[in-house]
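Colleague: Before anything else, here's the structure in question.
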Amino acid sequence: MTHPYKKVRKAVLPVAGLGTRLLPATKVMPKEMLTIVDRPLIQMAIEEALQAGIEEFIFVVSDGKEILLRHFEEPKAMMEMLESRGKTKEIDKVKASTLSHDSVKTAYQKKALGLGHAVWCAKDLVGDEPFAVILPDDTVRHTESCLAQMMHIYDAHGGNIIASCRVLPQDTTRYGMLAIEKDNDAVRINGLVEKPKPEDAPSDMGIFGRYILQPEIFAHLERHEKGAGGEIQLTDAMAHLVKEQPFYACEFKGERLDCGNDIGFVKAQIAYALDKDNLAADLIEYMTAKLKEYKA
């Protein structure tokens with residue numbers, strides 16, 4: 001590394017939300033357990049973190065979300081059955097989705113008070129270390145995970161890194177927006193605004209659901225200041241910290257998919273299914289036929 005910042009070992013996964021945009025599918029099942037083809041969203045987030053070198057996973061949960069933790073445990077009865085039948089491929093899939101007990105930690109968010117509050121709930125488990133934040137709703141389809149791309153910038157510059165993407169003017173009210181400037185081989189962030197009107201947006205660069213943050217962010221989250229929507233916003237705390245520490249934007253490579261709404265969820269199913277050799281041909285044939293019916 002060329003900077004004095006510590007290695008990023010921990011990731012916070014805020015998964016306490018109710019997922020109301022995907023009702024009735026999320027009436028009982030946590031939205032993070034909904035599958036994209038054959039993998040739950042939460043597993044995709046963990047795989048992304050592992051590719052980026054993350055070693056410890058902090059789940060910020062609410063009541064009823066315990067199934068998220070059970071997904072990463074080894075199911076003894078299933079493993080015994082698979083082993084007795086010589087199902088090696090299935091055994092490998094189970095092992096690939098199992099985390100060691102020591103690598104998983106849990107914090108509870110009793111009330112849905114905003115993303116900033118959810119991250120604050122992980123304060124004691126994060127400690128005095130930099131950490132990543134991953135929102136499982138958001139996925140990036142690329143050979144190198146979004147967080148891994150962000151790590152390249154962190155390794156070069158340190159500080160705080162925010163994943164970013166281009167946002168249409170009419171969509172700025174849905175995103176935190178960045179004020180940016182070019183800084184040699186990096187994009188420096190000078191300010192952040194949560195969900196501004198198009199005319200008030202400082203650029204067309206919006207915040208995507210991935211962050212690398214220094215622990216000093218907790219001093220600002222500690223204030224529990226309410227922002228847009230009456231919630232404690234992570235963007236507002238970062239807007240304070242950007243005055244004290246360097247922030248850099250990572251305009252990541254890959255297709256971004258918001259799986260927290262119905263159309264994004266369907267698009268993700270199609271996109272990831274087309275990546276699978278055993279599904280692509282049949283899916284293309286089916287979609288071609290359906291398109292002909294639609295045009296007719």
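Labeling convention for the structure tokens: chains A, B, ... as they appear, residues from 1 per chain, ligands from 1 in order of appearance.
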Output as a PyMOL selection string all residues of segment 100-277 of chain A that backbone DSSP marks as alpha helix (DSSP H).
Modeller: chain A and resi 115-120+123-126+146-157+217-221+234-241+262-274+277
Colleague: Write out as a list in words the residues lying within 10 Å of His71 of chain A, counting only C-alpha atoms and excluding same-chain residues fewer than 6 positions away.
Modeller: Met33, Pro40, Ile42, Gln43, Val94, Ser97, Thr98 and Leu99 of chain A
Colleague: Using only C-alpha atoms, please write the residues we just selected to a file, as a PDB file, in the first residue's frame.
Modeller:
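Contents of part-v4.pdb, as written:
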```
ATOM      1  CA  MET A  33     -33.265 -14.574   0.492  1.00  0.00           C
ATOM      2  CA  PRO A  40     -30.105 -15.773  -2.873  1.00  0.00           C
ATOM      3  CA  ILE A  42     -27.479 -12.311   0.286  1.00  0.00           C
ATOM      4  CA  GLN A  43     -25.195 -15.054  -0.999  1.00  0.00           C
ATOM      5  CA  VAL A  94     -23.389 -26.349   0.005  1.00  0.00           C
ATOM      6  CA  SER A  97     -22.352 -21.161   0.570  1.00  0.00           C
ATOM      7  CA  THR A  98     -21.146 -21.953   4.099  1.00  0.00           C
ATOM      8  CA  LEU A  99     -19.221 -19.487   6.262  1.00  0.00           C
TER       9      LEU A  99
END
```
Colleague: From the options A:Gln170, A:Thr139, A:Gln245, A:Ser62, which residue's atoms come nearest to Ile189 of chain A, counting only C-alpha atoms?
Modeller: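 Of A:Gln170, A:Thr139, A:Gln245, A:Ser62, the one nearest Ile189 of chain A, counting only C-alpha atoms, is A:Gln245.
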Colleague: From a backbone DSSP assignment, name each residue in segment 12-176 of chain A labelled strand (DSSP E or B), as a ChimeraX atom specification.
Modeller: /A:12-14,35-36,39-40,56-61,104-108,131-134,138-141,160-166,176
Colleague: Quick one: of A:Val60, A:Ala77, A:Leu69, A:Val119, who's nearest to Gln233 of chain A, counting only C-alpha atoms?
Modeller: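 Closest to Gln233 of chain A of all the choices is A:Val119.
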